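Undergrad: I'd like to ask you about the structure that follows.
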Amino acid sequence: VAIQMRVSGDTIENNGHKKFMIEADEGKISARRRDVQRVAAFFTSFFLLSLFSSCPKRPRMPRSLASRFETNVRPDASLELTSFDATDYDAPTLEIPAEISGRSVKALGDFFSADSDKTLTSVRLPAGLERIGDYAFADCKRLSSLVFPSSLAEVGIEAFEGCSALTQLVIPANVREIDFGAFARCAALAKIDVAPENPRFRSVDGVLFDAETK
């Protein structure tokens with residue numbers, strides 16, 4: 001409803017609603033009903049938004065390494081790290097912690113590095129690690145430095161498939177299972193040595209064999 005009136009800076013009330021009218025230099029003009037409180041609230045919000053947007057922003061604190069891992073608690077109360085968040089992580093070396101929140105890290109889950117950008121060149125595995133899951137580091141094409149801890153017992157299916165920068169590996173004495181294609185398409189992998197105490201695998205001229213193979 002439009003109301004015609006010549007006023008100057010005043011408000012009027014009609015049926016309990018407050019309105020304001022605007023006077024121009026020439027003649028009468030129409031002003032739609034406005035709730036004065038809503039108008040005031042709008043300008044207050046605009047002012048506060050402008051005020052806070054002009055305040056200097058606090059620098060974002062760097063995330064701790066431990067906070068980047070998703071974890072599962074295993075039956076023995078140790079941890080399996082299921083994934084690693086590589087967002088804004090630009091270090092070439094990933095050091096897997098030996099423990100998080102007082103729990104030992106004993107396994108890397110299947111597809112562990114699937115969410116990373118695959119730019120890692122070196123991974124440091126902790127003492128106490130027992131299992132590397134299926135496809136854990138598949139297609140990490142720049143990964144060239146890797147040392148298995150003596151505690152390692154299992155390497156999953158295609159765990160390092162496509163890691164074309166790996167040149168050599170040493171299989172520790174405790175490894176009992178190396179699943180299908182664990183080192184498939186590792187084109188530069190020229191030598192795999194096996195600890196002499198390992199009863200399950202052996203190396204002949206740098207080639208990995210099952211110990212029962214003759």
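Quick note on naming: the chains in the structure tokens go A, B, ... in the order shown, residues restart at 1 in each chain, and ligands are numbered from 1 in order of appearance.
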Excluding Leu169 of chain A and any residue of its chain fewer than 2 positions from it, enumerate the residues within 7 Å of it, using only C-alpha atoms, and give them as a list in words.

TA: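 My list of contacting residues is Ile171, Lys191, Ile192 and Asp193 of chain A.
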
Undergrad: Would you kindly return, as a PDB file with C-alpha atoms, in the first residue's frame, each protein, DNA or RNA residue with an atom no farther than 9 Å from any atom of Thr82 of chain A, considering only C-alpha atoms and excluding same-chain residues fewer than 3 positions away?

TA:
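Result written to around-v1.pdb:
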```pdb
ATOM      1  CA  PHE A  69      46.076 -39.427  10.002  1.00  0.00           C
ATOM      2  CA  GLU A  70      42.751 -41.247  10.157  1.00  0.00           C
ATOM      3  CA  THR A  71      42.990 -44.221  12.502  1.00  0.00           C
ATOM      4  CA  ASN A  72      41.272 -47.444  13.511  1.00  0.00           C
ATOM      5  CA  ALA A 107      49.536 -51.183  10.550  1.00  0.00           C
ATOM      6  CA  LEU A 108      48.977 -49.033   7.486  1.00  0.00           C
ATOM      7  CA  GLY A 109      45.544 -49.686   6.031  1.00  0.00           C
ATOM      8  CA  ASP A 110      44.485 -50.583   2.498  1.00  0.00           C
ATOM      9  CA  PHE A 111      44.725 -47.622   0.074  1.00  0.00           C
ATOM     10  CA  PHE A 112      46.583 -45.654   2.743  1.00  0.00           C
ATOM     11  CA  SER A 113      48.004 -43.044   0.350  1.00  0.00           C
TER      12      SER A 113
END
```

Undergrad: Please list as a VMD selection string every residue within 12 Å of Ala77 of chain A, counting only C-alpha atoms and excluding residues in the same chain fewer than 6 positions away.

TA: chain A and resid 71 99 to 107

Undergrad: Using only C-alpha atoms, which protein or nucleic acid residues come within 12 Å of Val204 of chain A? Drop anything in the same chain fewer than 4 positions from it, and give the result as a list of chain:residue names.

TA: A:Lys191, A:Ile192, A:Asp193, A:Val194, A:Pro196, A:Leu208, A:Phe209, A:Asp210, A:Ala211, A:Thr213, A:Lys214

Undergrad: Taking N, CA, C and O atoms for each residue, export the selection above as an mmCIF file, in the first residue's frame.

TA:
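Output saved as part39.cif:
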```cif
data_model
loop_
_atom_site.group_PDB
_atom_site.id
_atom_site.type_symbol
_atom_site.label_atom_id
_atom_site.label_comp_id
_atom_site.auth_asym_id
_atom_site.auth_seq_id
_atom_site.Cartn_x
_atom_site.Cartn_y
_atom_site.Cartn_z
ATOM 1 N N LYS A 191 67.085 -54.642 -7.444
ATOM 2 C CA LYS A 191 67.635 -55.571 -6.464
ATOM 3 C C LYS A 191 66.747 -55.653 -5.229
ATOM 4 O O LYS A 191 66.349 -54.632 -4.672
ATOM 5 N N ILE A 192 66.423 -56.887 -4.828
ATOM 6 C CA ILE A 192 65.709 -57.137 -3.578
ATOM 7 C C ILE A 192 66.543 -58.112 -2.763
ATOM 8 O O ILE A 192 66.790 -59.238 -3.201
ATOM 9 N N ASP A 193 66.998 -57.670 -1.620
ATOM 10 C CA ASP A 193 67.738 -58.550 -0.712
ATOM 11 C C ASP A 193 66.813 -59.036 0.395
ATOM 12 O O ASP A 193 65.833 -58.372 0.748
ATOM 13 N N VAL A 194 67.141 -60.195 0.926
ATOM 14 C CA VAL A 194 66.356 -60.794 2.007
ATOM 15 C C VAL A 194 67.288 -61.091 3.177
ATOM 16 O O VAL A 194 68.382 -61.638 2.989
ATOM 17 N N PRO A 196 69.115 -62.982 5.918
ATOM 18 C CA PRO A 196 69.428 -64.418 5.933
ATOM 19 C C PRO A 196 68.565 -65.213 6.907
ATOM 20 O O PRO A 196 68.314 -66.406 6.683
ATOM 21 N N LEU A 208 63.658 -61.879 -5.878
ATOM 22 C CA LEU A 208 62.937 -62.425 -4.728
ATOM 23 C C LEU A 208 62.268 -63.741 -5.065
ATOM 24 O O LEU A 208 61.567 -63.860 -6.071
ATOM 25 N N PHE A 209 62.485 -64.741 -4.223
ATOM 26 C CA PHE A 209 61.864 -66.043 -4.394
ATOM 27 C C PHE A 209 61.239 -66.495 -3.082
ATOM 28 O O PHE A 209 61.701 -66.119 -1.993
ATOM 29 N N ASP A 210 60.235 -67.337 -3.209
ATOM 30 C CA ASP A 210 59.729 -68.076 -2.051
ATOM 31 C C ASP A 210 60.814 -69.068 -1.638
ATOM 32 O O ASP A 210 61.437 -69.692 -2.506
ATOM 33 N N ALA A 211 61.021 -69.221 -0.348
ATOM 34 C CA ALA A 211 62.099 -70.100 0.117
ATOM 35 C C ALA A 211 61.912 -71.536 -0.325
ATOM 36 O O ALA A 211 62.877 -72.293 -0.445
ATOM 37 N N THR A 213 60.820 -72.391 -3.245
ATOM 38 C CA THR A 213 61.096 -72.516 -4.677
ATOM 39 C C THR A 213 62.523 -72.995 -4.896
ATOM 40 O O THR A 213 63.473 -72.478 -4.311
ATOM 41 N N LYS A 214 62.665 -73.968 -5.757
ATOM 42 C CA LYS A 214 63.991 -74.527 -6.035
ATOM 43 C C LYS A 214 64.442 -74.155 -7.437
ATOM 44 O O LYS A 214 63.663 -73.918 -8.311
#
```

Undergrad: Neighbours of Asp179 of chain A within 8 Å (only C-alpha atoms; same-chain residues fewer than 3 positions away dropped), as a PyMOL selection string?

TA: chain A and resi 154-158+182

Undergrad: Which is closer to Ala159 of chain A than all the others in A:Val147, A:Val175, A:Ala136, A:Val73, using only C-alpha atoms?

TA: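 The shortest atom-to-atom distance to Ala159 of chain A comes from A:Ala136.
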